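Working notes for the structure below.
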Amino acid sequence: MAKKPVTSRSGRFFKLAGMTASVAGQYAGQKARSLFSGENDEGARSESYTRMANRITDTLGEMKGAAMKVGQIASQTQDFLPREFSDALQKLQKEAPPMPFEIILEQIETELGKPVGELFEYLQEKPYAAASIGQVHRARLHDGTDVIVKVQYPGVDESCDSDLKQLRLALKLGGLLKMPKESVDQLFKEIRERLREELDYENEARNIALFREFHKNDPWVVIPSVIPSHSTRHVLTLILEEGDHVSEVTPERYDQATINLIGHRMFKIMADQLFRFQCIHGDPHAGNFAYRPDGSVVMYDFGCVKKLKPEIVEAYRNAVTAALAEDYKALDSYLIDLGARVGSQPAIDEAYYAMWRDILVVPFDSEQPYDFGESSIHKSVAAKTSTVFKYLDSFKPPVESIFIDRMIAGHYWMLKRLGVQAAFGEELRKYLAEPPSP
């Protein structure tokens with residue numbers, strides 16, 4: 001039996017306030033213990049972080065909405081929170097427990113102004129998918145068209161700002177934000193703007209039209225089209241376009257050549273959006289992509305789309321070009337342009353840049369196919385994370401490009417799960433050599 005969700009603004013506030021008080025109490029207790037013991041016990045601190053992380057994750061998962069969405073974003077950036085939190089928040093990436101069906105029916109009828117029976121030949125009770133701000137149900141229109149209906153949870157839109165304020169307070173009182181206030185302000189402003197867009201399904205319908213236009217010459221990119229008559233700000237009805245989840249891409253149905261073809265197409269989708277369209281699909285996780293045995297890639301969920309400033313794309317292009325060329329002086333300058341490096345701090349030791357370059361450019365530095373299925377780049381990155389502390393004052397999370405980093409990390413994990421074997425160096429260099437988009 002699904003729990004009755006917290007949909008009122010006051011109910012959500014008190015639920016989050018209880019979480020905040022618990023986290024603040026645990027943090028104060030941990031600080032007091034380390035003060036009296038005179039030791040900075042790494043193990044005890046990690047255990048305390050894990051307890052706080054589990055409390056926050058459990059609350060956000062139950063509440064859904066803006067707070068849960070921030071948790072999902074936070075789980076993908078190590079710059080934001082300690083590792084224990086990123087690990088715990090990974091749970092929020094998995095499918096959320098569904099809302100009771102009667103609430104979904106009420107929301108559809110309120111939004112579309114007609115009984116569900118007049119709107120659809122049938123609406124399946126079991127959700128097709130459930131996520132942080134809404135869930136999806138299969139349905140059929142009276143003309144026989146198979147569709148999916150994306151329904152936003154009631155109360156989520158109205159409580160977005162108060163959810164964000166309360167979550168930020170919980171992270172602050174728990175001693176968990178590892179960034180200067182200016183960066184935290186920037187980060188939460190960016191997240192709020194993306195969430196505001198994502199909560200507006202009319203905006204998502206416009207994004208879908210935009211990306212269908214972007215990919216109009218790529219017949220192997222499948223993006224579901226919108227049914228305007230059955231869509232509003234909080235309900236979005238789309239033509240049903242099915243494909244296999246990454247877990248269903250098995251050797252029995254997909255040979256290695258097809259998997260590699262899909263890998264090249266995933267790379268092209270990512271590089272086109274970054275360098276040519278300067279507008280990226282900002283939520284690249286396994287649930288938002290599907291695949292077909294003919295090599296087609298199906299893309300879902302265009303609520304979170306980030307339009308990039310041309311100067312940010314150009315700084316990113318220049319930084320990658322400099323890194324590949326091992327020109328670390330130029331790389332340092334371009335990272336300042338990108339907003340990732342604090343310009344007032346001294347230049348960075350070139351050996352530090354060389355270390356990260358040698359880890360991150362492996363798939364692009366050889367003409368031989370790289371086996372993403374066997375890749376350990378993520379482990380190499382994790383092993384070197386402690387070196388970041390030496391230059392803590394020299395770098396800051398580049399808020400303008402946080403969604404680029406998120407997109408690249410998301411695609412890396414998808415290529416790994418698919419087991420792609422491909423060399424992307426030549427393709428990447430073609431994109432880098434192109435003149436900037438107008």
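How things are named: the first chain in the structure tokens is A, the next is B, and so on; residues count from 1 in each chain; ligands count from 1 in the order shown.
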**Shell of 10 Å around Asn203 in chain A, only C-alpha atoms, local chain residues under 3 positions omitted, as a PyMOL selection string** = chain A and resi 196-200+206-208+232-233+302-305
Keeping only N, CA and C atoms, write the selected residues to a file as a CSV table (one decimal), in the first residue's frame.
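Done, and the output landed in result_19.csv:
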```
chain,number,residue,atom,x,y,z
A,196,ARG,N,12.4,25.0,-12.1
A,196,ARG,CA,11.2,25.8,-12.5
A,196,ARG,C,10.8,25.4,-14.0
A,197,GLU,N,11.8,25.3,-14.8
A,197,GLU,CA,11.5,24.8,-16.2
A,197,GLU,C,11.0,23.4,-16.2
A,198,GLU,N,11.5,22.6,-15.4
A,198,GLU,CA,11.1,21.1,-15.5
A,198,GLU,C,9.7,20.9,-14.9
A,199,LEU,N,9.3,21.8,-14.0
A,199,LEU,CA,8.0,21.7,-13.5
A,199,LEU,C,6.9,22.3,-14.4
A,200,ASP,N,7.3,22.9,-15.5
A,200,ASP,CA,6.4,23.4,-16.5
A,200,ASP,C,6.4,22.5,-17.7
A,206,ARG,N,7.8,22.5,-25.6
A,206,ARG,CA,8.6,23.3,-26.5
A,206,ARG,C,10.0,22.7,-26.7
A,207,ASN,N,10.5,22.2,-25.6
A,207,ASN,CA,11.9,21.6,-25.7
A,207,ASN,C,11.8,20.4,-26.6
A,208,ILE,N,10.8,19.6,-26.5
A,208,ILE,CA,10.6,18.4,-27.4
A,208,ILE,C,10.6,18.8,-28.9
A,232,THR,N,-1.1,20.0,-20.6
A,232,THR,CA,-1.2,21.3,-19.9
A,232,THR,C,0.1,21.5,-19.2
A,233,ARG,N,0.2,22.5,-18.3
A,233,ARG,CA,1.4,22.8,-17.5
A,233,ARG,C,1.8,21.6,-16.7
A,302,PHE,N,12.4,15.8,-21.6
A,302,PHE,CA,13.1,17.0,-21.9
A,302,PHE,C,12.7,18.2,-21.0
A,303,GLY,N,12.4,17.8,-19.8
A,303,GLY,CA,12.1,18.9,-18.8
A,303,GLY,C,13.3,19.7,-18.4
A,304,CYS,N,14.4,19.0,-18.3
A,304,CYS,CA,15.7,19.6,-17.9
A,304,CYS,C,16.6,19.8,-19.1
A,305,VAL,N,16.5,21.0,-19.7
A,305,VAL,CA,17.3,21.3,-20.9
A,305,VAL,C,18.1,22.6,-20.5
```
Using only C-alpha atoms, I'd like a table of the residues in range 217-306 of chain A that come within 10 Å of range 312-321 of chain A; for each, show the closest atom pair and its distance in Å rounded to one decimal, ordered by chain and ascending number, as CSV.
```
residue,atom,partner,partner_atom,distance
A:Leu274,CA,A:Val313,CA,7.1
A:Phe275,CA,A:Val313,CA,6.6
A:Arg276,CA,A:Val313,CA,9.4
A:Gln278,CA,A:Val313,CA,7.0
A:Cys279,CA,A:Val313,CA,9.9
```
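Comparing A:Gln186, A:Ser296, A:Gln135, A:Thr258 by their smallest distance to Leu105 in chain A, the closest is A:Gln135 (using only C-alpha atoms).
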**Study point:** Spatial neighbours of range 239-244 of chain A, max dist 12 Å, only C-alpha atoms, sep filter under 5 positions, as a ChimeraX atom specification
**Key:** /A:128,136-141,144-150,208,221-228,230-231,249-250,253-254,286-300,418
Please produce an output containing C-alpha atoms for each residue in the selection, written as an mmCIF file, in the first residue's frame.
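Generated output (selection_33.cif):
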```cif
data_model
loop_
_atom_site.group_PDB
_atom_site.id
_atom_site.type_symbol
_atom_site.label_atom_id
_atom_site.label_comp_id
_atom_site.auth_asym_id
_atom_site.auth_seq_id
_atom_site.Cartn_x
_atom_site.Cartn_y
_atom_site.Cartn_z
ATOM 1 C CA TYR A 128 4.979 2.952 -16.671
ATOM 2 C CA VAL A 136 4.007 8.158 -16.328
ATOM 3 C CA HIS A 137 1.057 5.916 -17.271
ATOM 4 C CA ARG A 138 0.322 4.083 -20.505
ATOM 5 C CA ALA A 139 -2.969 4.963 -22.183
ATOM 6 C CA ARG A 140 -4.814 4.848 -25.485
ATOM 7 C CA LEU A 141 -6.741 7.665 -27.139
ATOM 8 C CA GLY A 144 -6.576 4.047 -31.153
ATOM 9 C CA THR A 145 -3.297 5.959 -30.706
ATOM 10 C CA ASP A 146 -1.101 4.467 -27.978
ATOM 11 C CA VAL A 147 0.314 7.171 -25.709
ATOM 12 C CA ILE A 148 2.005 7.772 -22.399
ATOM 13 C CA VAL A 149 0.638 10.341 -19.946
ATOM 14 C CA LYS A 150 3.103 12.156 -17.711
ATOM 15 C CA ILE A 208 10.634 18.392 -27.403
ATOM 16 C CA VAL A 221 17.157 9.416 -32.992
ATOM 17 C CA VAL A 222 13.586 8.779 -31.821
ATOM 18 C CA ILE A 223 11.897 11.532 -29.755
ATOM 19 C CA PRO A 224 8.198 11.066 -28.850
ATOM 20 C CA SER A 225 5.890 13.803 -30.198
ATOM 21 C CA VAL A 226 3.369 15.724 -28.049
ATOM 22 C CA ILE A 227 -0.469 15.422 -28.172
ATOM 23 C CA PRO A 228 -1.377 19.108 -27.513
ATOM 24 C CA HIS A 230 -4.188 16.260 -23.849
ATOM 25 C CA SER A 231 -1.371 18.389 -22.423
ATOM 26 C CA VAL A 249 20.549 -4.803 -24.257
ATOM 27 C CA THR A 250 21.819 -8.382 -24.100
ATOM 28 C CA ARG A 253 19.372 -9.496 -29.030
ATOM 29 C CA TYR A 254 22.256 -7.106 -29.740
ATOM 30 C CA ALA A 286 19.595 5.207 -17.949
ATOM 31 C CA GLY A 287 15.841 5.771 -17.499
ATOM 32 C CA ASN A 288 15.804 8.558 -20.089
ATOM 33 C CA PHE A 289 17.270 6.526 -22.959
ATOM 34 C CA ALA A 290 16.148 3.329 -24.667
ATOM 35 C CA TYR A 291 17.542 1.327 -27.565
ATOM 36 C CA ARG A 292 16.298 -0.773 -30.473
ATOM 37 C CA PRO A 293 17.983 -3.716 -32.220
ATOM 38 C CA ASP A 294 18.220 -1.665 -35.446
ATOM 39 C CA GLY A 295 20.603 0.719 -33.629
ATOM 40 C CA SER A 296 18.041 3.451 -32.936
ATOM 41 C CA VAL A 297 18.287 5.540 -29.756
ATOM 42 C CA VAL A 298 15.050 6.677 -28.063
ATOM 43 C CA MET A 299 15.283 9.811 -25.896
ATOM 44 C CA TYR A 300 12.808 10.701 -23.155
ATOM 45 C CA LEU A 418 26.093 -1.002 -22.789
#
```
Leaving out Met355 in chain A and any residue of its chain fewer than 6 positions from it, which residues lie within 12 Å of it when counting only C-alpha atoms, given as a list in words? Ala323, Glu326, Tyr328, Asp349, Val361, Val362, Ser380, Val381, Ala383, Lys384, Thr385, Thr387 and Val388 of chain A
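Going from CA of Phe101 in chain A over to CA of Leu238 in chain A, you cover 19.4 Å.
The closest residue to Leu428 in chain A, picked from A:Lys268, A:Arg168, A:Lys306, A:Lys396 and counting only C-alpha atoms, is A:Lys268.
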Would you list, as a PyMOL selection string, the residues of range 145-250 of chain A that end up in strand (DSSP E or B) under DSSP run on this structure's backbone?
-> chain A and resi 146-152+221-222+226+235-239+244
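The two atoms in question, CA of His142 in chain A and CA of Tyr122 in chain A, are spaced 8.4 Å apart.
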Practice task
Pull the alpha helix (DSSP H) assignments for range 137-284 of chain A out of DSSP run on the backbone, and list those residues as a PyMOL selection string.
Solution key: chain A and resi 160-173+181-198+201-214+256-271
